file target_33.txt (compact mmCIF, C-alpha atoms)
# COMPACT_ATOMS: atom_id res chain seq x y z
CA MET A 1 18.18 1.72 -25.54
CA LYS A 2 17.06 -0.32 -22.52
CA ASN A 3 13.45 -1.43 -22.24
CA ILE A 4 11.99 -1.00 -18.76
CA VAL A 5 8.58 -2.58 -18.07
CA VAL A 6 6.61 -1.63 -14.96
CA GLN A 7 3.55 -3.59 -13.93
CA CYS A 8 0.83 -1.23 -12.70
CA ALA A 9 -0.89 -3.20 -9.93
CA ASN A 10 -4.67 -3.54 -9.83
CA ASN A 11 -4.35 -2.44 -6.20
CA ILE A 12 -4.10 1.34 -6.63
CA ALA A 13 -2.61 1.68 -3.14
CA HIS A 14 0.60 0.39 -4.74
CA HIS A 15 0.91 3.13 -7.36
CA TYR A 16 2.75 5.75 -5.32
CA HIS A 17 5.28 3.12 -4.28
CA VAL A 18 6.55 3.03 -7.86
CA TYR A 19 5.41 6.37 -9.30
CA GLY A 20 8.60 8.26 -8.36
CA ILE A 21 10.76 5.50 -9.84
CA VAL A 22 8.88 5.66 -13.13
CA LYS A 23 9.30 9.42 -13.18
CA GLU A 24 13.07 9.15 -12.67
CA LEU A 25 13.41 6.45 -15.33
CA SER A 26 11.40 8.53 -17.81
CA MET A 27 14.07 11.23 -17.65
CA MET A 28 16.92 8.88 -18.57
CA ASN A 29 17.97 9.16 -22.20
CA ASN A 30 19.14 5.57 -22.54
CA SER A 31 15.89 3.87 -21.50
CA ARG A 32 12.30 3.40 -22.64
CA THR A 33 9.71 2.90 -19.90
CA THR A 34 6.44 1.08 -20.51
CA VAL A 35 3.73 0.79 -17.85
CA ILE A 36 1.46 -2.20 -18.37
CA HIS A 37 -1.95 -2.53 -16.75
CA HIS A 38 -5.19 -4.42 -17.17
CA ASP A 39 -8.80 -3.38 -17.54
CA SER A 40 -9.50 -4.01 -13.87
CA CYS A 41 -7.03 -1.30 -12.88
CA SER A 42 -9.33 1.68 -12.40
CA ASP A 43 -6.92 4.60 -12.68
CA VAL A 44 -3.49 4.83 -14.27
CA SER A 45 -3.51 8.61 -14.78
CA LEU A 46 -0.68 8.98 -12.26
CA PHE A 47 1.68 7.47 -14.84
CA GLU A 48 0.70 9.77 -17.70
CA MET A 49 3.98 11.63 -18.18
CA ASN A 50 6.45 12.40 -20.95
CA ASN A 51 8.45 9.44 -22.28
CA VAL A 52 6.28 6.85 -20.51
CA PHE A 53 4.24 4.48 -22.66
CA ILE A 54 1.07 3.03 -21.14
CA LYS A 55 -0.25 -0.26 -22.48
CA ASN A 56 -3.61 -1.75 -21.55
CA GLN A 57 -3.45 -5.52 -21.74
CA LYS A 58 -7.24 -5.75 -22.28
CA TYR A 59 -7.78 -8.45 -19.71
CA LYS A 60 -10.02 -8.75 -16.68
CA PRO A 61 -8.63 -11.09 -14.01
CA PHE A 62 -10.58 -13.86 -12.31
CA SER A 63 -12.42 -14.87 -15.46
CA GLY A 64 -13.40 -18.44 -16.13
CA ILE A 65 -10.40 -19.04 -18.37
CA GLU A 66 -7.99 -17.94 -15.64
CA GLN A 67 -9.61 -20.27 -13.14
CA LEU A 68 -9.36 -23.13 -15.63
CA ALA A 69 -5.74 -22.31 -16.42
CA ARG A 70 -4.79 -22.27 -12.75
CA PHE A 71 -6.61 -25.55 -12.21
CA ILE A 72 -4.71 -27.20 -15.07
CA ASN A 73 -1.43 -25.85 -13.76
CA ILE A 74 -2.07 -27.11 -10.23
CA LYS A 75 -3.32 -30.52 -11.27
CA LEU A 76 -1.08 -31.35 -14.21
CA LYS A 77 2.00 -29.17 -13.56
CA ARG A 78 2.54 -28.96 -17.29
CA ILE A 79 1.69 -25.39 -18.26
CA LYS A 80 4.00 -23.36 -16.05
CA THR A 81 3.28 -19.94 -17.55
CA VAL A 82 -0.40 -19.97 -16.55
CA ASP A 83 0.54 -19.86 -12.86
CA ASN A 84 -0.23 -16.17 -13.22
CA TYR A 85 -2.43 -15.79 -16.27
CA LEU A 86 -2.01 -12.02 -16.26
CA LEU A 87 1.61 -12.53 -17.25
CA LEU A 88 0.55 -14.52 -20.29
CA LYS A 89 -1.28 -11.45 -21.57
CA SER A 90 1.92 -9.43 -21.06
CA ALA A 91 4.23 -11.93 -22.75
CA ASP A 92 4.82 -9.79 -25.85
CA VAL A 93 6.08 -6.91 -23.69
CA ILE A 94 8.10 -9.05 -21.30
CA LYS A 95 9.92 -10.83 -24.13
CA ASN A 96 11.48 -7.52 -25.15
CA ALA A 97 12.13 -6.20 -21.63
CA ASP A 98 15.54 -5.70 -20.10
CA VAL A 99 13.98 -5.05 -16.67
CA PHE A 100 10.57 -5.98 -15.24
CA ILE A 101 9.49 -4.01 -12.15
CA CYS A 102 6.49 -4.93 -10.02
CA THR A 103 4.98 -4.20 -6.62
CA ASP A 104 2.83 -7.36 -6.63
CA LEU A 105 5.81 -9.63 -5.81
CA ILE A 106 5.42 -11.77 -8.92
CA VAL A 107 7.68 -14.81 -8.87
CA GLY A 108 10.79 -13.96 -10.87
CA LYS A 109 11.12 -17.37 -12.45
CA ARG A 110 7.71 -16.88 -14.08
CA ILE A 111 8.98 -13.75 -15.80
CA LYS A 112 12.09 -15.58 -16.93
CA GLU A 113 10.04 -18.31 -18.59
CA PHE A 114 9.18 -15.61 -21.14
CA ASN A 115 12.57 -13.89 -21.14
CA PRO A 116 15.54 -15.59 -19.39
CA ASN A 117 17.66 -12.44 -19.74
CA CYS A 118 15.16 -10.09 -18.14
CA LYS A 119 16.10 -8.65 -14.74
CA VAL A 120 13.26 -8.83 -12.20
CA VAL A 121 12.85 -6.09 -9.61
CA TRP A 122 10.49 -6.03 -6.66
CA ALA A 123 9.65 -2.45 -5.66
CA LEU A 124 8.11 -3.36 -2.34
CA HIS A 125 4.86 -1.57 -1.51
CA GLY A 126 5.89 -0.13 1.82
CA ALA A 127 7.13 -1.95 4.89
CA VAL A 128 6.25 -5.58 4.18
CA ALA A 129 5.13 -7.85 7.00
CA ASN A 130 7.37 -10.71 8.11
CA SER A 131 4.58 -13.28 7.81
CA PHE A 132 3.88 -12.13 4.26
CA MET A 133 7.52 -12.36 3.16
CA ASN A 134 7.77 -15.83 4.65
CA SER A 135 5.06 -17.02 2.25
CA VAL A 136 6.42 -15.61 -1.03
CA ASP A 137 8.85 -17.13 -3.52
CA THR A 138 11.87 -14.96 -4.35
CA ASP A 139 13.25 -17.41 -6.92
CA GLY A 140 14.38 -15.53 -10.03
CA VAL A 141 14.19 -12.06 -8.44
CA ASP A 142 17.37 -10.06 -9.12
CA LEU A 143 16.76 -6.95 -7.00
CA ILE A 144 14.53 -6.02 -4.07
CA LEU A 145 14.06 -2.35 -3.23
CA SER A 146 13.53 -2.30 0.54
CA CYS A 147 12.36 0.76 2.46
CA GLY A 148 14.49 -0.06 5.48
CA GLU A 149 15.95 -2.41 8.05
CA THR A 150 12.75 -4.12 9.20
CA THR A 151 11.76 -5.05 5.64
CA THR A 152 15.29 -6.21 4.81
CA ASN A 153 15.18 -8.49 7.85
CA ALA A 154 11.76 -9.78 6.76
CA VAL A 155 13.18 -10.82 3.38
CA GLY A 156 15.70 -12.99 5.22
CA SER A 157 18.92 -14.72 4.28
CA GLY A 158 17.29 -17.11 1.81
CA PHE A 159 17.16 -14.46 -0.90
CA ASN A 160 19.94 -14.92 -3.46
CA GLY A 161 19.61 -11.62 -5.29
CA LYS A 162 20.54 -8.07 -4.31
CA ILE A 163 18.63 -6.01 -1.76
CA VAL A 164 19.05 -2.26 -1.43
CA GLU A 165 17.51 -0.06 1.25
CA VAL A 166 16.19 2.97 -0.62
CA GLY A 167 13.87 4.55 1.94
CA SER A 168 10.24 5.33 1.10
CA VAL A 169 9.59 6.06 -2.57
CA LYS A 170 5.99 6.95 -1.72
CA LEU A 171 6.80 9.45 1.04
CA HIS A 172 9.40 11.17 -1.13
CA SER A 173 6.95 11.36 -4.04
CA CYS A 174 4.25 12.87 -1.82
CA LYS A 175 6.49 15.51 -0.21
CA SER A 176 5.82 17.99 -2.98
CA ASN A 177 2.05 17.38 -2.89
CA ASP A 178 0.44 20.83 -3.07
CA LYS A 179 -3.12 19.57 -2.65
CA LYS A 180 -3.06 18.89 1.08
CA VAL A 181 -6.26 19.79 2.86
CA SER A 182 -7.25 21.80 5.94
CA LYS A 183 -9.80 21.08 8.66
CA ILE A 184 -11.75 24.16 7.64
CA GLU A 185 -11.97 22.90 4.04
CA LEU A 186 -13.22 19.47 5.09
CA PHE A 187 -15.34 20.26 8.14
CA GLY A 188 -15.61 24.01 8.64
CA ASN A 189 -14.07 23.75 12.11
CA GLU A 190 -10.78 23.04 13.91
CA ASN A 191 -12.00 20.14 16.06
CA ARG A 192 -9.82 17.15 16.86
CA THR A 193 -9.72 15.07 13.69
CA VAL A 194 -9.44 11.31 13.38
CA LEU A 195 -8.46 9.23 10.35
CA TYR A 196 -10.00 5.75 10.29
CA ASN A 197 -8.06 3.65 7.79
CA PRO A 198 -8.99 -0.03 8.18
CA HIS A 199 -6.98 -2.61 6.24
CA PHE A 200 -8.35 -5.63 4.38
CA ASN A 201 -5.93 -8.44 5.30
CA ASN A 202 -7.35 -10.43 8.20
CA LYS A 203 -4.40 -12.82 8.08
CA ILE A 204 -2.07 -10.23 9.57
CA GLY A 205 -4.55 -9.07 12.21
CA ALA A 206 -6.45 -6.42 10.23
CA ARG A 207 -9.92 -7.00 11.64
CA SER A 208 -11.03 -3.56 12.82
CA TRP A 209 -13.68 -3.10 10.12
CA ASP A 210 -15.17 -6.58 10.53
CA ASP A 211 -15.13 -6.37 14.34
CA HIS A 212 -16.34 -2.85 15.01
CA GLY A 213 -16.37 -0.70 11.85
CA ILE A 214 -20.08 0.19 11.85
CA GLU A 215 -20.05 0.70 15.61
CA LEU A 216 -17.16 3.14 15.18
CA LEU A 217 -19.00 5.10 12.47
CA ASP A 218 -22.07 5.22 14.70
CA TRP A 219 -19.95 6.64 17.53
CA PHE A 220 -18.68 9.53 15.41
CA LYS A 221 -22.16 10.17 14.02
CA ASN A 222 -23.33 10.69 17.61
CA ASN A 223 -20.25 12.64 18.76
CA SER A 224 -19.99 15.68 16.53
CA ASP A 225 -17.27 17.28 18.68
CA PHE A 226 -14.85 15.05 16.76
CA ASN A 227 -14.20 15.04 13.02
CA LEU A 228 -13.75 11.73 11.20
CA ILE A 229 -12.10 10.96 7.87
CA PHE A 230 -13.22 7.46 6.89
CA SER A 231 -10.73 6.27 4.29
CA PRO A 232 -10.52 2.46 4.11
CA HIS A 233 -7.87 0.61 2.13
CA PRO A 234 -9.02 0.44 -1.54
CA MET A 235 -9.03 -3.36 -1.43
CA LEU A 236 -11.40 -3.21 1.54
CA VAL A 237 -13.63 -0.72 -0.30
CA LYS A 238 -14.51 -3.51 -2.73
CA LYS A 239 -16.01 -5.49 0.17
CA ILE A 240 -18.03 -2.65 1.73
CA ASP A 241 -21.68 -2.16 0.83
CA GLU A 242 -21.61 1.55 -0.03
CA SER A 243 -25.36 1.87 0.46
CA ILE A 244 -24.92 1.52 4.22
CA LEU A 245 -22.58 4.52 4.30
CA SER A 246 -25.12 7.12 3.16
CA GLN A 247 -26.41 7.61 6.71
CA TYR A 248 -22.89 8.62 7.82
CA LYS A 249 -22.45 11.54 5.43
CA THR A 250 -22.74 14.11 8.20
CA ASP A 251 -21.00 17.46 8.72
CA ASN A 252 -18.31 15.87 10.90
CA ILE A 253 -17.70 12.74 8.77
CA HIS A 254 -15.81 12.82 5.48
CA ILE A 255 -15.89 9.59 3.46
CA ASP A 256 -13.20 8.82 0.89
CA LEU A 257 -13.49 5.44 -0.85
CA GLY A 258 -10.23 5.30 -2.76
CA GLY A 259 -9.82 8.85 -4.02
CA SER A 260 -6.41 10.34 -4.77
CA ARG A 261 -6.30 12.11 -1.41
CA SER A 262 -6.44 8.77 0.36
CA MET A 263 -3.30 7.69 -1.52
CA ASN A 264 -1.07 10.78 -1.62
CA MET A 265 -1.02 11.74 2.09
CA SER A 266 -3.21 14.82 1.51
CA TYR A 267 -4.99 14.29 4.83
CA GLU A 268 -1.77 14.06 6.87
CA PRO A 269 -1.66 17.71 8.11
CA VAL A 270 -5.13 17.52 9.70
CA VAL A 271 -4.93 14.09 11.35
CA ASP A 272 -4.58 14.25 15.13
CA VAL A 273 -5.42 10.58 15.72
CA TYR A 274 -4.96 7.56 13.44
CA ILE A 275 -7.24 4.56 13.90
CA GLY A 276 -6.50 1.47 11.88
CA ASP A 277 -4.79 -1.87 11.61
CA VAL A 278 -1.35 -3.17 10.83
CA SER A 279 -0.53 -1.34 7.61
CA SER A 280 2.36 0.38 5.86
CA HIS A 281 0.03 3.40 5.57
CA ALA A 282 -0.01 3.74 9.37
CA LEU A 283 3.79 3.68 9.36
CA GLU A 284 3.89 6.41 6.72
CA TYR A 285 1.72 8.63 8.92
CA MET A 286 3.94 7.84 11.89
CA SER A 287 7.01 8.81 9.87
CA MET A 288 5.65 12.18 8.76
CA ASN A 289 4.63 13.23 12.26
CA GLN A 290 4.36 11.43 15.58
CA ARG A 291 0.73 11.36 16.72
CA THR A 292 -1.79 9.29 18.67
CA PHE A 293 -2.49 5.87 17.18
CA VAL A 294 -5.48 3.91 18.46
CA PHE A 295 -6.09 0.22 17.79
CA HIS A 296 -8.93 -2.03 18.79
CA SER A 297 -7.73 -4.58 21.34
CA ASN A 298 -7.69 -7.91 19.54
CA GLN A 299 -6.64 -11.06 21.36
CA ASP A 300 -5.99 -12.96 18.12
CA LEU A 301 -3.08 -10.87 16.85
CA SER A 302 -0.34 -11.56 14.35
CA ASN A 303 3.26 -10.65 15.21
CA GLU A 304 2.89 -7.58 13.01
CA SER A 305 -0.22 -6.39 14.85
CA THR A 306 1.46 -6.95 18.20
CA THR A 307 4.40 -4.78 17.12
CA MET A 308 2.09 -2.08 15.75
CA HIS A 309 0.03 -1.97 18.96
CA LYS A 310 3.18 -1.27 20.99
CA HIS A 311 3.44 2.09 19.23
CA GLY A 312 -0.09 3.25 19.96
CA ARG A 313 -2.97 2.72 22.34
CA THR A 314 -5.69 0.11 22.42
CA PHE A 315 -9.30 0.23 23.56
CA ASN A 316 -11.60 -2.59 24.59
CA SER A 317 -14.92 -0.78 24.58
CA PHE A 318 -16.40 2.46 23.32
CA ASP A 319 -16.89 3.60 26.91
CA GLU A 320 -13.16 4.41 26.99
CA PHE A 321 -12.94 5.49 23.37
CA SER A 322 -13.38 9.27 23.76
CA SER A 323 -10.67 9.51 26.44
CA GLU A 324 -8.19 7.83 24.09
CA LEU A 325 -9.04 10.30 21.33
CA LEU A 326 -8.66 13.30 23.63
CA ASN A 327 -5.34 12.24 25.16
CA LYS A 328 -2.51 13.73 23.13
CA ILE A 329 0.65 11.80 22.44
CA SER A 330 3.19 11.96 25.26
CA GLU A 331 6.87 12.79 24.78
CA ASN A 332 7.75 9.20 25.68
CA GLU A 333 5.30 7.77 23.14
CA ALA A 334 6.64 10.12 20.45
CA GLU A 335 10.21 9.05 21.17
CA ILE A 336 9.27 5.36 20.98
CA GLN A 337 7.60 5.98 17.61
CA LYS A 338 10.66 7.85 16.32
CA ARG A 339 13.03 5.05 17.29
CA TYR A 340 10.81 2.44 15.68
CA ILE A 341 10.21 4.36 12.46
CA SER A 342 13.97 4.89 12.02
CA THR A 343 14.27 1.12 11.51
CA VAL A 344 11.33 1.05 9.08
CA PHE A 345 12.41 3.80 6.65
CA SER A 346 16.08 4.38 5.85
CA PRO A 347 17.00 8.10 5.84
CA VAL A 348 17.78 8.33 2.12
CA THR A 349 17.87 11.82 0.58
CA ASN A 350 16.17 10.84 -2.68
CA PRO A 351 14.65 7.31 -2.66
CA CYS A 352 13.27 7.69 -6.19
CA SER A 353 16.60 8.65 -7.74
CA LEU A 354 18.49 5.96 -5.82
CA SER A 355 15.97 3.31 -6.89
CA ALA A 356 16.25 4.24 -10.56
CA SER A 357 20.03 4.26 -10.30
CA VAL A 358 20.34 0.76 -8.79
CA ILE A 359 17.85 -0.56 -11.34
CA MET A 360 19.94 0.78 -14.21
CA ASP A 361 23.06 -0.64 -12.57
CA LEU A 362 21.62 -4.12 -13.20
CA LEU A 363 22.09 -3.60 -16.94
call {"tool": "encode", "arguments": {"input": "target_33.txt", "output": "C-alpha cells"}}
result
Amino acid sequence: MKNIVVQCANNIAHHYHVYGIVKELSMMNNSRTTVIHHDSCSDVSLFEMNNVFIKNQKYKPFSGIEQLARFINIKLKRIKTVDNYLLLKSADVIKNADVFICTDLIVGKRIKEFNPNCKVVWALHGAVANSFMNSVDTDGVDLILSCGETTTNAVGSGFNGKIVEVGSVKLHSCKSNDKKVSKIELFGNENRTVLYNPHFNNKIGARSWDDHGIELLDWFKNNSDFNLIFSPHPMLVKKIDESILSQYKTDNIHIDLGGSRSMNMSYEPVVDVYIGDVSSHALEYMSMNQRTFVFHSNQDLSNESTTMHKHGRTFNSFDEFSSELLNKISENEAEIQKRYISTVFSPVTNPCSLSASVIMDLL
C-alpha cells in the first residue's frame, strides 16, 4: 500500500488543479490518499470522496511563532525545517508518505528533511509565469506536472527531475460540470456579458484592480445595457473592503467573491468578454472558447502581461471602453488565440488519469 499525501493549498483557486488527480488516485487499490490542510483553508469539501482521508493540521499560518521561526532560520541558518513552518505541522504525515503532491511549489529538499525517500511532485496550478519559475527552487523535486509547452519552457533546463506535459487537470475536471449558469438565471436578460476577473499579483503586471477597479464597477453601474460578473481572484478578495461593494449590487452586476462558480468555470458559457490581468484563469477561458479579451493599457508590464495583451485588446480610457466591449472577436484574433493556447495546454485526452499514472510510476 502506497501512501500519497496531497497538500490542500490555502489558496482555493489551486484546488481544481489537483482535484481530478486526487479522484483518480482514490480509485487505485494499491494506494491510500490523504489530503492535508490547515485551519486557514476555508473549504476542502471538494476533496470529500470515497477512499480519501482529510486531515486538518490545526494550524493558522502567519502567527507569531512562525514569524519567529523564520527569523531564526534566516539569521542563524540552523533550523532548516522551519523554513516553511506549515511543513513542521505536517511532519508526522510526511514521514510516512511515499509521495508528496503540492500546488504551492514547496521546495522538495524541505520535504526530504522529514523523509529522504519521499517523492515530491509539483502539480502546477495552471500555466506558470516565466518570471515566477525563475524565482523558485526546484531542488529535491522529482516530478513536475506541466500543462504544456510554455510552462515546460518556463521551468527551464536547470531542473534535474522529470517533467511531463499532462494538459489541464482543471479544465478536464470541469468539463462534466452540470451547474453552469445562463444569462437569464443571473440577469434576466441576454445582454452582452462581461467577466471581470482581476488578479492579485502586481509583480507580474496584475494591476487592473488597483489602477481602475472601482472606476470599472462605476462604469457598469451606469451602463445597464451590459451585464457584469465581478469575480476577483480569491487572494485579491482578501484585500478588498467588501463594504464598498454593496452599492454595486444592481440588476446588471453579479458579484462572486470566491464562490464555487468562480472556480469551476460555471460562468464560461455566458461570458462574451473577459476583462482581467495576466492569469492562468484567462488562459482557461481562452482555451474553452475564443472570445474578446480586454486589458487596461499598462506601461509598466511584465513579460507575461505583454504576451497576454497580444491576445486581446487594450484600452487607455473609459471613453473607448464601450466600443471595445461591443466589438466581437475577429476571425484573425480567434486564430491567433487558438495558436497560442495550443502551446499552453497540451491536447491530452485525460490529464487527470495521465497525472495519476506518472505519479504512481515514480514508485
call {"tool": "atom_distance", "arguments": {"input": "target_33.txt", "atom1": "atom CA of A:Gly140", "atom2": "atom CA of A:His281"}}
result
28.4 Å
call {"tool": "atom_distance", "arguments": {"input": "target_33.txt", "atom1": "atom CA of A:Ile21", "atom2": "atom CA of A:Cys147"}}
result
13.3 Å
call {"tool": "closest_atom_pairs", "arguments": {"input": "target_33.txt", "of": "stretch 140-205 of chain A", "to": "stretch 8-14 of chain A", "cutoff": "12 Å", "atoms": "all atoms listed in the file", "output": "tab-separated table"}}
result
residue	atom	partner	partner_atom	distance
A:Val169	CA	A:His14	CA	10.8
A:Lys170	CA	A:His14	CA	9.0
A:His199	CA	A:Ala13	CA	11.2
A:Phe200	CA	A:Asn11	CA	11.8
call {"tool": "residues_near_point", "arguments": {"input": "target_33.txt", "point": "(-21.2, 12.6, 5.1)", "cutoff": "12 Å", "atoms": "all atoms listed in the file", "output": "ChimeraX atom specification"}}
result
/A:186-187,217,220-221,224,227-230,244-256
call {"tool": "atom_distance", "arguments": {"input": "target_33.txt", "atom1": "atom CA of A:Val99", "atom2": "atom CA of A:Lys119"}}
result
4.6 Å
call {"tool": "residues_near_point", "arguments": {"input": "target_33.txt", "point": "(13.8, 7.2, -12.5)", "cutoff": "8 Å", "atoms": "all atoms listed in the file", "output": "PyMOL selection string"}}
result
chain A and resi 20-28+352-353+355-357
